[in-house]
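> Please find start-v3.cif (mmCIF, C-alpha atoms) on the next line:
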```
data_target
#
loop_
_atom_site.label_atom_id
_atom_site.label_comp_id
_atom_site.auth_asym_id
_atom_site.auth_seq_id
_atom_site.Cartn_x
_atom_site.Cartn_y
_atom_site.Cartn_z
CA GLY A 1 0.00 0.00 0.00
CA VAL A 2 0.92 3.69 -0.11
CA ASP A 3 1.12 3.96 3.66
CA SER A 4 4.48 2.50 4.72
CA HIS A 5 3.09 1.87 8.22
CA ALA A 6 0.47 -0.64 7.05
CA GLN A 7 1.14 -4.04 5.54
CA LEU A 8 -1.30 -6.55 4.12
CA PHE A 9 -0.38 -10.25 4.08
CA ILE A 10 -2.60 -12.52 1.99
CA VAL A 11 -2.21 -16.18 2.91
CA ASP A 12 -3.78 -19.36 1.57
CA ARG A 13 -5.77 -21.66 3.84
CA LYS A 14 -4.20 -24.69 2.16
CA ASN A 15 -0.88 -23.95 3.90
CA ASP A 16 -2.55 -24.89 7.20
CA PRO A 17 -5.48 -27.29 6.80
CA VAL A 18 -4.94 -28.56 10.37
CA THR A 19 -6.26 -25.60 12.40
CA PRO A 20 -9.81 -25.71 10.97
CA LEU A 21 -10.02 -29.47 11.67
CA LEU A 22 -9.35 -29.20 15.43
CA THR A 23 -11.93 -28.98 18.22
CA GLN A 24 -11.69 -25.44 19.60
CA TRP A 25 -12.08 -25.09 23.37
CA THR A 26 -12.73 -21.37 23.93
CA TYR A 27 -16.24 -20.22 24.82
CA HIS A 28 -16.85 -18.26 21.60
CA ALA A 29 -15.42 -21.03 19.39
CA LEU A 30 -17.40 -23.81 21.10
CA LEU A 31 -20.63 -21.84 20.66
CA TYR A 32 -19.81 -21.28 17.00
CA GLU A 33 -18.81 -24.90 16.34
CA LEU A 34 -21.30 -26.89 18.45
CA ILE A 35 -24.45 -24.74 18.51
CA GLY A 36 -23.99 -22.10 15.79
CA ILE A 37 -24.09 -18.29 15.87
CA ASN A 38 -25.97 -16.42 13.15
CA ASN A 39 -25.54 -12.62 13.15
CA GLY A 40 -25.05 -12.65 16.91
CA ARG A 41 -28.13 -14.85 17.51
CA ILE A 42 -28.07 -18.37 18.96
CA ASP A 43 -31.04 -20.68 18.36
CA LEU A 44 -31.60 -22.99 21.35
CA SER A 45 -35.12 -24.15 20.41
CA HIS A 46 -33.79 -27.70 19.77
CA VAL A 47 -32.33 -28.06 23.29
CA PRO A 48 -34.16 -30.64 25.48
CA GLY A 49 -36.37 -28.96 28.11
CA ILE A 50 -35.49 -25.39 27.04
CA ARG A 51 -37.61 -22.59 28.55
CA THR A 52 -39.44 -20.17 26.24
CA GLU A 53 -37.48 -17.06 27.27
CA VAL A 54 -34.13 -18.56 26.23
CA LYS A 55 -35.16 -20.31 23.01
CA GLU A 56 -33.19 -17.65 21.14
CA VAL A 57 -30.47 -15.54 22.77
CA MET A 58 -28.29 -12.67 21.60
CA LEU A 59 -24.52 -12.39 22.06
CA SER A 60 -22.88 -8.98 21.92
CA GLN A 61 -19.43 -7.98 23.11
CA ASP A 62 -20.61 -4.38 23.44
CA GLN A 63 -23.64 -5.10 25.63
CA ASP A 64 -22.54 -8.26 27.45
CA THR A 65 -19.59 -7.73 29.78
CA PHE A 66 -19.41 -11.38 30.84
CA PHE A 67 -19.17 -12.56 27.22
CA LYS A 68 -16.57 -9.91 26.37
CA GLN A 69 -14.39 -11.02 29.30
CA SER A 70 -14.98 -14.77 28.83
CA GLN A 71 -15.05 -15.34 25.05
CA HIS A 72 -11.40 -16.50 24.95
CA LEU A 73 -11.52 -18.59 28.14
CA ASN A 74 -11.07 -22.31 27.65
CA PHE A 75 -13.89 -24.60 28.73
CA GLY A 76 -12.36 -25.48 32.13
CA ASP A 77 -11.80 -21.84 33.14
CA LEU A 78 -15.24 -20.91 31.80
CA GLY A 79 -16.97 -23.11 34.39
CA ALA A 80 -15.10 -21.35 37.21
CA SER A 81 -15.87 -17.93 35.71
CA ILE A 82 -19.61 -18.52 35.41
CA LYS A 83 -19.71 -20.00 38.92
CA LYS A 84 -18.32 -16.69 40.24
CA LEU A 85 -21.00 -14.81 38.29
CA VAL A 86 -23.81 -16.95 39.77
CA GLU A 87 -22.32 -16.65 43.28
CA LEU A 88 -22.21 -12.86 42.94
CA TYR A 89 -25.95 -12.84 42.21
CA GLN A 90 -26.54 -15.32 45.05
CA THR A 91 -24.87 -12.89 47.45
CA ASN A 92 -27.03 -10.04 46.16
CA THR A 93 -30.21 -12.12 46.58
CA LYS A 94 -29.07 -13.65 49.92
CA SER A 95 -29.62 -17.18 48.61
CA HIS A 96 -27.64 -20.11 50.08
CA HIS A 97 -27.99 -22.73 47.32
CA GLN A 98 -24.87 -24.95 47.20
CA ILE A 99 -23.21 -24.69 43.75
CA GLU A 100 -20.42 -27.05 42.75
CA SER A 101 -21.19 -27.92 39.12
CA ILE A 102 -22.90 -26.69 35.96
CA ALA A 103 -25.85 -28.97 36.84
CA ASP A 104 -26.12 -27.21 40.24
CA MET A 105 -26.17 -23.82 38.49
CA LYS A 106 -28.95 -24.96 36.17
CA ARG A 107 -30.98 -26.24 39.13
CA PHE A 108 -30.48 -22.94 40.99
CA VAL A 109 -31.69 -20.94 37.97
CA GLU A 110 -34.73 -23.27 37.60
CA ALA A 111 -35.62 -23.04 41.29
CA TYR A 112 -35.65 -19.24 41.55
CA PRO A 113 -37.95 -17.56 39.00
CA GLU A 114 -37.21 -14.15 40.55
CA PHE A 115 -33.49 -14.77 39.93
CA ARG A 116 -34.25 -15.36 36.24
CA LYS A 117 -36.07 -12.03 36.01
CA LEU A 118 -33.31 -10.21 37.86
CA SER A 119 -30.45 -11.67 35.90
CA GLY A 120 -31.37 -12.56 32.33
CA ASN A 121 -27.71 -12.39 31.31
CA VAL A 122 -26.58 -14.91 33.94
CA THR A 123 -29.47 -17.22 33.02
CA LYS A 124 -28.46 -16.98 29.37
CA HIS A 125 -24.84 -17.99 30.03
CA VAL A 126 -25.78 -20.78 32.48
CA THR A 127 -28.08 -22.14 29.73
CA LEU A 128 -25.39 -21.88 27.05
CA VAL A 129 -22.65 -23.45 29.17
CA GLY A 130 -25.04 -26.19 30.26
CA GLU A 131 -25.83 -27.04 26.63
CA LEU A 132 -22.14 -26.99 25.65
CA SER A 133 -21.40 -29.28 28.58
CA ARG A 134 -24.13 -31.71 27.43
CA LEU A 135 -22.81 -31.76 23.84
CA VAL A 136 -19.17 -32.21 24.91
CA ALA A 137 -20.16 -35.23 27.01
CA GLU A 138 -22.59 -36.66 24.45
CA ARG A 139 -20.03 -36.51 21.63
CA HIS A 140 -17.08 -37.61 23.82
CA LEU A 141 -15.18 -34.55 22.64
CA LEU A 142 -12.48 -34.70 25.32
CA ALA A 143 -11.30 -38.11 24.05
CA VAL A 144 -11.56 -36.96 20.42
CA SER A 145 -9.69 -33.73 21.12
CA GLU A 146 -6.85 -35.48 22.92
CA LEU A 147 -6.16 -37.58 19.81
CA GLU A 148 -6.57 -34.57 17.49
CA GLN A 149 -4.01 -32.59 19.47
CA SER A 150 -1.58 -35.50 19.48
CA LEU A 151 -1.89 -35.83 15.69
CA ALA A 152 -1.50 -32.07 15.21
CA CYS A 153 1.45 -31.54 17.57
CA ASN A 154 3.50 -34.72 18.01
CA GLU A 155 5.18 -37.27 15.75
CA GLN A 156 4.38 -40.66 17.30
CA HIS A 157 3.06 -42.91 14.58
CA ASN A 158 2.51 -46.21 16.39
CA SER A 159 0.62 -44.82 19.37
CA ASP A 160 -1.41 -42.43 17.15
CA LEU A 161 -2.41 -45.27 14.83
CA LYS A 162 -3.40 -47.53 17.73
CA ALA A 163 -5.52 -44.76 19.31
CA LEU A 164 -7.11 -43.90 15.96
CA ARG A 165 -8.08 -47.52 15.23
CA ALA A 166 -9.74 -47.70 18.66
CA LEU A 167 -11.57 -44.39 18.11
CA ILE A 168 -12.90 -45.42 14.67
CA SER A 169 -14.13 -48.73 16.11
CA ASP A 170 -15.91 -46.98 19.02
CA ALA A 171 -19.67 -46.79 18.32
CA LYS A 172 -20.04 -43.84 20.74
CA ILE A 173 -17.91 -41.51 18.53
CA THR A 174 -19.72 -39.68 15.70
CA ALA A 175 -18.78 -40.36 12.06
CA GLU A 176 -17.73 -36.70 11.63
CA ASN A 177 -15.24 -36.92 14.49
CA LYS A 178 -13.82 -40.22 13.25
CA VAL A 179 -13.26 -38.72 9.80
CA ARG A 180 -11.66 -35.55 11.19
CA CYS A 181 -9.09 -37.58 13.12
CA ALA A 182 -8.42 -39.79 10.08
CA ILE A 183 -7.81 -36.67 7.95
CA LEU A 184 -5.36 -35.28 10.53
CA TYR A 185 -3.53 -38.64 10.49
CA ALA A 186 -3.41 -38.60 6.67
CA LEU A 187 -2.06 -35.03 6.59
CA ARG A 188 0.70 -35.77 9.11
CA TYR A 189 1.77 -39.21 7.91
CA GLU A 190 1.04 -38.86 4.18
CA ARG A 191 4.71 -39.28 3.26
CA ALA A 192 5.52 -41.95 5.84
CA GLN A 193 6.12 -45.26 4.05
CA SER A 194 4.43 -47.18 6.84
CA ASN A 195 1.25 -45.07 6.83
CA ALA A 196 -2.07 -46.87 7.13
CA ILE A 197 -4.32 -44.43 5.24
CA ALA A 198 -5.84 -47.15 3.01
CA GLU A 199 -6.49 -49.41 6.00
CA LEU A 200 -8.15 -46.57 7.94
CA LYS A 201 -10.49 -45.82 5.01
CA GLN A 202 -11.59 -49.46 5.02
CA LEU A 203 -12.01 -49.38 8.81
CA LEU A 204 -14.20 -46.27 8.55
CA THR A 205 -16.36 -47.94 5.89
CA SER A 206 -16.73 -51.14 7.90
CA ASN A 207 -17.81 -49.02 10.90
CA GLY A 208 -20.69 -47.54 8.90
CA VAL A 209 -19.18 -44.22 7.84
CA ASP A 210 -20.74 -42.84 4.66
CA ALA A 211 -18.64 -43.16 1.45
CA ASP A 212 -18.75 -39.38 0.82
CA GLN A 213 -17.34 -38.72 4.28
CA VAL A 214 -14.55 -41.29 3.77
CA ALA A 215 -13.78 -39.63 0.41
CA SER A 216 -13.13 -36.32 2.22
CA ILE A 217 -9.74 -37.76 3.29
CA ASP A 218 -8.64 -37.74 -0.37
CA VAL A 219 -10.33 -34.38 -0.94
CA VAL A 220 -8.26 -32.72 1.81
CA LEU A 221 -5.02 -34.36 0.61
CA ARG A 222 -5.74 -33.15 -2.92
CA TYR A 223 -6.37 -29.63 -1.64
CA ALA A 224 -3.64 -29.33 1.00
CA GLY A 225 -1.43 -32.42 1.00
CA ALA A 226 2.35 -32.15 1.40
CA GLY A 227 2.80 -31.48 -2.33
CA GLU A 228 0.36 -28.54 -2.24
CA ARG A 229 1.62 -26.73 0.87
CA GLN A 230 4.38 -24.12 0.78
CA SER A 231 5.61 -24.75 4.29
CA ASP A 232 6.80 -27.67 6.43
CA LEU A 233 3.60 -27.55 8.49
CA PHE A 234 4.34 -30.50 10.77
CA GLN A 235 8.10 -29.82 10.93
CA ASN A 236 8.71 -33.44 9.95
CA GLU A 237 10.03 -33.15 6.39
CA ASN A 238 13.69 -33.17 7.33
CA LEU A 239 15.86 -34.27 10.23
CA PHE A 240 16.43 -30.79 11.70
CA SER A 241 12.82 -29.69 11.66
CA ARG A 242 11.79 -33.08 13.05
CA GLY A 243 13.95 -32.42 16.10
CA ARG A 244 12.23 -29.07 16.63
CA SER A 245 8.85 -30.78 16.38
CA ILE A 246 9.72 -33.32 19.10
CA PHE A 247 10.84 -30.62 21.54
CA LYS A 248 7.85 -28.44 20.70
CA GLY A 249 5.62 -31.17 22.06
CA LEU A 250 7.57 -31.36 25.35
CA GLN A 251 7.65 -27.72 26.41
CA GLY A 252 5.39 -26.86 29.38
CA VAL A 253 2.00 -27.40 27.82
CA GLU A 254 -0.71 -25.76 29.90
CA ASN A 255 -3.41 -28.14 28.70
CA VAL A 256 -3.39 -31.36 26.66
CA TYR A 257 -6.44 -30.10 24.72
CA THR A 258 -4.89 -26.77 23.71
CA GLN A 259 -1.29 -27.67 22.78
CA HIS A 260 -1.69 -26.54 19.19
CA THR A 261 -0.61 -23.09 17.98
CA PRO A 262 -1.90 -22.03 14.55
CA ALA A 263 0.85 -21.81 11.91
CA LEU A 264 -0.46 -18.34 11.00
CA ALA A 265 0.22 -17.03 14.52
CA GLU A 266 3.79 -18.41 14.47
CA MET A 267 4.37 -16.82 11.06
CA VAL A 268 3.11 -13.39 12.14
CA GLU A 269 5.13 -13.45 15.36
CA GLN A 270 8.32 -14.38 13.49
CA ILE A 271 7.78 -11.59 10.94
CA VAL A 272 7.05 -8.98 13.61
CA ARG A 273 10.02 -10.02 15.74
CA GLY A 274 12.34 -9.96 12.71
CA LYS A 275 13.05 -13.71 12.66
CA GLN A 276 13.56 -15.65 9.39
CA GLY A 277 12.96 -12.46 7.37
CA LEU A 278 14.35 -13.78 4.09
CA HIS A 279 12.41 -17.01 4.48
CA TRP A 280 9.12 -15.11 4.76
CA GLN A 281 10.07 -12.71 1.95
CA GLU A 282 10.26 -15.73 -0.39
CA ARG A 283 7.02 -17.22 0.93
CA LEU A 284 5.11 -13.92 0.75
CA PRO A 285 6.22 -12.30 -2.55
CA ASN A 286 5.09 -8.72 -3.23
CA LEU A 287 1.98 -8.45 -5.38
CA ASP A 288 3.65 -5.57 -7.24
CA PRO A 289 6.93 -6.93 -8.67
CA LYS A 290 8.29 -3.36 -9.09
CA ALA A 291 7.68 -2.42 -5.47
CA ARG A 292 10.44 -2.51 -2.87
CA PRO A 293 10.31 -5.80 -0.97
CA PRO A 294 8.82 -5.39 2.52
CA LEU A 295 11.38 -5.02 5.29
CA LEU A 296 10.83 -8.44 6.79
CA GLY A 297 14.52 -9.07 7.46
CA ASN A 298 15.05 -6.36 10.08
CA GLU A 299 16.50 -8.25 13.04
CA ASN A 300 15.13 -5.68 15.49
CA GLY A 301 11.64 -6.57 14.40
CA MET A 302 8.80 -4.32 13.35
CA HIS A 303 7.63 -1.20 15.16
CA ASN A 304 4.75 1.22 14.57
CA GLN A 305 3.00 -1.04 12.11
CA ASP A 306 -0.56 -2.00 11.29
CA ILE A 307 -0.54 -5.55 9.93
CA ILE A 308 -3.60 -7.03 8.25
CA VAL A 309 -3.61 -10.79 7.62
CA PHE A 310 -6.25 -12.03 5.20
CA VAL A 311 -6.82 -15.78 4.79
CA VAL A 312 -8.18 -16.92 1.44
CA GLY A 313 -10.19 -20.03 2.26
CA GLY A 314 -11.44 -18.81 5.62
CA VAL A 315 -10.13 -17.99 9.08
CA THR A 316 -10.77 -19.88 12.34
CA MET A 317 -11.70 -18.81 15.86
CA GLU A 318 -8.40 -20.29 17.11
CA GLU A 319 -6.50 -17.93 14.79
CA GLU A 320 -8.63 -14.98 15.86
CA MET A 321 -7.83 -15.74 19.53
CA ALA A 322 -4.10 -16.22 18.77
CA VAL A 323 -4.01 -12.79 17.07
CA ALA A 324 -5.81 -11.20 20.06
CA LYS A 325 -3.12 -12.64 22.36
CA LEU A 326 -0.35 -11.47 20.02
CA ASN A 327 -1.79 -7.95 20.07
CA GLU A 328 -1.36 -7.93 23.86
CA LYS A 329 2.23 -9.21 23.56
CA LEU A 330 3.21 -6.75 20.82
CA ALA A 331 1.68 -3.61 22.31
CA SER A 332 5.14 -2.39 23.41
CA GLN A 333 6.30 -2.40 19.75
CA ASN A 334 3.20 -0.41 18.76
CA VAL A 335 2.21 -3.17 16.34
CA ARG A 336 -1.49 -3.72 15.74
CA LEU A 337 -2.67 -6.92 14.07
CA MET A 338 -5.97 -7.46 12.32
CA ILE A 339 -7.17 -10.75 10.88
CA GLY A 340 -9.85 -11.50 8.33
CA GLY A 341 -10.75 -14.05 5.72
CA THR A 342 -13.19 -15.07 3.04
CA SER A 343 -15.31 -16.73 5.78
CA ILE A 344 -15.18 -17.97 9.38
CA GLN A 345 -14.51 -21.71 9.23
CA THR A 346 -15.56 -24.50 11.54
CA SER A 347 -14.45 -28.06 10.83
CA SER A 348 -17.82 -28.91 9.28
CA SER A 349 -17.99 -25.80 7.06
CA PHE A 350 -14.36 -26.34 5.97
CA LEU A 351 -14.98 -29.95 4.90
CA ALA A 352 -18.35 -29.12 3.28
CA GLU A 353 -16.72 -26.32 1.25
CA LEU A 354 -13.90 -28.59 0.07
CA SER A 355 -16.25 -31.44 -0.82
CA THR A 356 -18.28 -29.19 -3.13
CA THR A 357 -15.09 -27.83 -4.74
CA PHE A 358 -12.92 -30.96 -5.15
CA PHE A 359 -14.49 -34.17 -6.32
CA PRO A 360 -12.33 -37.17 -5.44
#
```
Once you've parsed the file, please lay out its structure as C-alpha cells.


Amino acid sequence: GVDSHAQLFIVDRKNDPVTPLLTQWTYHALLYELIGINNGRIDLSHVPGIRTEVKEVMLSQDQDTFFKQSQHLNFGDLGASIKKLVELYQTNTKSHHQIESIADMKRFVEAYPEFRKLSGNVTKHVTLVGELSRLVAERHLLAVSELEQSLACNEQHNSDLKALRALISDAKITAENKVRCAILYALRYERAQSNAIAELKQLLTSNGVDADQVASIDVVLRYAGAGERQSDLFQNENLFSRGRSIFKGLQGVENVYTQHTPALAEMVEQIVRGKQGLHWQERLPNLDPKARPPLLGNENGMHNQDIIVFVVGGVTMEEEMAVAKLNEKLASQNVRLMIGGTSIQTSSSFLAELSTTFFP
C-alpha cells in the first residue's frame, strides 16, 4: 500500500489445513462450532427442556460484559468464571444454594424464578454453558480432542495409529469426528512409508461411515497435502525440523487439549520479531513486482505497524484468539494486528466447502 506503516499479508488456507479441523475449546469457538451463531443470535429451540425465554439468545461484546471477558476462556476456566457470576448474584439475593457444578447452576436458575427475572444475562450464560457441557459429554469430545491434538502436535506414529483404530471402532464416537481424526492422520503421515491411510479408510467404511465422508480424506489431501503446501507444516520433512517438532511437544504445555498453535500465529510473530525475514520474503512475494520488498529481514523486528492478515479459504476462531493474544504481547512495539478471511470456518464448514469444490 501507499502507507508505509500498514502491511497486508494474503495467505492461503491450504498452507494450514490442520487448524480448521481441530476442536476449539474457547467459549466463543465452542458456541460457533457446536451450537452455531448467526448474526449474533443463537437458536436454542432444539435443546431438550429449554424454557421459552431462552429459546433464542443474543450475544454482543458491546452489551454483554461477561461474554466480552470470557469469550477467549477455555472450557475449564469458563466453568469457574460462570460459577463466580452466579455466586455474585446469590450474594445479592441472599440465597444459600450450594453450587459445585454446571448442573447445580442450572438447578439454581430453575428453582428461583425471581433470579431469572433479575439476571437474564446470567441465566443466558448458564443455559449456554449447560448445553455446551451436554454436547461435549454426548459426543465424547475430550477423548476426540486429545487424539486430534496429538496428531497435530507430536510425531508418534505407532501410538497415534493404535488410538485412531480404537476411536474409529468406538460406536459412541460420531462419524464426523472419526473422519476428522483420520484426515489429521493422513495429513501428518502422508509421506511416511508405513502409513495406514488405506487401512483406515476401510475401517471407517466397515464401521458404517458414509462413502462421501470417507472420500473427504482424499479431498483434503488433494487440496492441501504435502505437495500442495508451501511450508513444512508439521516440521517433519527433514531431520532438523523433526527435532524441533519433538521438543515443541515437550515444552510446558498448559493443557493437553490446547497444545496446538496455529501456523499463521507463528508466522506473524516471526515476521514482527524480525526472525527468518528472508524465508518469509520468499514465501510472501510482493503483489507488485516493481515495489520494494517489505522489510521483513530487520532483526530488530517491526515497530509502529498495522498488519492485516487475510486468509483466502477462511479464518478460524483459534486464529482470531491467537491474534488477540499477540496484540497484547506486541503492544510495546506499537504493532497492531488485524485478521480476516473469506469466511469464518468451523471443521464442518471447511470440509463441506472442500467437498463441493474438489471431487475425489

> What lies within 8 Å of stretch 348-359 of chain A using only C-alpha atoms, ignoring chain neighbours under 6 positions off, as number ranges by chain?

A: 20-21, 216, 219-220, 222-223

> Need the shell around A:Lys55: protein/DNA/RNA residues with any atom at most 12 Å away, counting only C-alpha atoms. Skip same-chain ones fewer than 2 positions apart. Format as a VMD selection string?

chain A and resid 41 to 53 57 to 58 123 to 124 127 to 128

> Quick check, in Å to one decimal: how far apart do atom CA of A:His125 and atom CA of A:Ala137 lie?

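Separation of atom CA of A:His125 and atom CA of A:Ala137: 18.1 Å.
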
> Could you tell me how far atom CA of A:Ala171 lies from atom CA of A:Val209, in Å and to one decimal?

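So the two atoms, atom CA of A:Ala171 and atom CA of A:Val209, lie 10.8 Å apart.
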
> What does the distance from atom CA of A:Tyr257 to atom CA of A:Val11 come to in Å, to one decimal?

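So the two atoms, atom CA of A:Tyr257 and atom CA of A:Val11, lie 26.2 Å apart.
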
> Can you pull out every residue within 10 Å of A:Ala196, counting only C-alpha atoms, but drop anything in the same chain fewer than 3 positions away, and send it as a ChimeraX atom specification?

/A:157,161,182,185-186,189-190,192-193,199-201

> Emit the selected residues as a PDB file, in the frame of the given file, including C-alpha atoms.


```
ATOM      1  CA  HIS A 157       3.060 -42.910  14.580  1.00  0.00           C
ATOM      2  CA  LEU A 161      -2.410 -45.270  14.830  1.00  0.00           C
ATOM      3  CA  ALA A 182      -8.420 -39.790  10.080  1.00  0.00           C
ATOM      4  CA  TYR A 185      -3.530 -38.640  10.490  1.00  0.00           C
ATOM      5  CA  ALA A 186      -3.410 -38.600   6.670  1.00  0.00           C
ATOM      6  CA  TYR A 189       1.770 -39.210   7.910  1.00  0.00           C
ATOM      7  CA  GLU A 190       1.040 -38.860   4.180  1.00  0.00           C
ATOM      8  CA  ALA A 192       5.520 -41.950   5.840  1.00  0.00           C
ATOM      9  CA  GLN A 193       6.120 -45.260   4.050  1.00  0.00           C
ATOM     10  CA  GLU A 199      -6.490 -49.410   6.000  1.00  0.00           C
ATOM     11  CA  LEU A 200      -8.150 -46.570   7.940  1.00  0.00           C
ATOM     12  CA  LYS A 201     -10.490 -45.820   5.010  1.00  0.00           C
TER      13      LYS A 201
END
```

> List every protein, DNA or RNA residue with an atom no more than 10 Å from (-5.4, -33.6, 29.4) in the file's coordinates, counting all atoms listed in the file, and format the result as a list in words.

Leu142, Ala143, Ser145, Glu146, Val253, Glu254, Asn255, Val256, Tyr257, Thr258 and Gln259 of chain A

> From the list A:His28, A:Leu141, A:Val18, A:Asp218, which residue is nearest A:Ser70 when using all atoms listed in the file?

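Smallest separation from A:Ser70 among the options: A:His28.
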
> Name the residues in contact with A:Ser343 at a cut-off of 10 Å, using all atoms listed in the file, excluding same-chain residues fewer than 3 positions from it; report them as a PDB file with C-alpha atoms, keeping the file's coordinate frame.


```pdb
ATOM      1  CA  VAL A 311      -6.820 -15.780   4.790  1.00  0.00           C
ATOM      2  CA  VAL A 312      -8.180 -16.920   1.440  1.00  0.00           C
ATOM      3  CA  GLY A 313     -10.190 -20.030   2.260  1.00  0.00           C
ATOM      4  CA  GLY A 314     -11.440 -18.810   5.620  1.00  0.00           C
ATOM      5  CA  VAL A 315     -10.130 -17.990   9.080  1.00  0.00           C
ATOM      6  CA  THR A 316     -10.770 -19.880  12.340  1.00  0.00           C
ATOM      7  CA  GLY A 340      -9.850 -11.500   8.330  1.00  0.00           C
ATOM      8  CA  THR A 346     -15.560 -24.500  11.540  1.00  0.00           C
ATOM      9  CA  SER A 349     -17.990 -25.800   7.060  1.00  0.00           C
ATOM     10  CA  PHE A 350     -14.360 -26.340   5.970  1.00  0.00           C
TER      11      PHE A 350
END
```

> I need the output of the PyMOL selection byres ((chain A and resi 303) around 9) for this file as a list in words; which residues are they?

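Written out, the selection comes to His5, Val272, Asn300, Gly301, Met302, Asn304, Gln305, Ser332, Gln333, Asn334 and Val335 of chain A.
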
> Taking all atoms listed in the file into account, name the residue in A:Ala226, A:Ala263, A:Val86, A:Ala163 that is nearest to A:Asp16.

A:Ala263

> Give me, as a list of chain:residue names, all polymer residues having an atom no more than 8 Å from A:Gly79, counting only C-alpha atoms and skipping those fewer than 3 positions away in the same chain.

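Everything that qualifies: A:Phe75, A:Gly76, A:Ile82, A:Lys83, A:Ser101, A:Ile102, A:Val129.
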
> Padding 4 Å on each side, edges along x, y and z: where is the centre of the box around the listed atoms of stretch 131-136 of chain A, and how long are its edges in Å to one decimal? Output it as JSON.


```
{"center_x": -22.5, "center_y": -29.6, "center_z": 26.2, "size_x": 14.7, "size_y": 13.2, "size_z": 12.7}
```

> Given the choices A:Val268, A:Val214, A:Val136, A:Leu167, which gets closest to A:Leu34 if the distance is worked out from only C-alpha atoms?

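Closest candidate: A:Val136.
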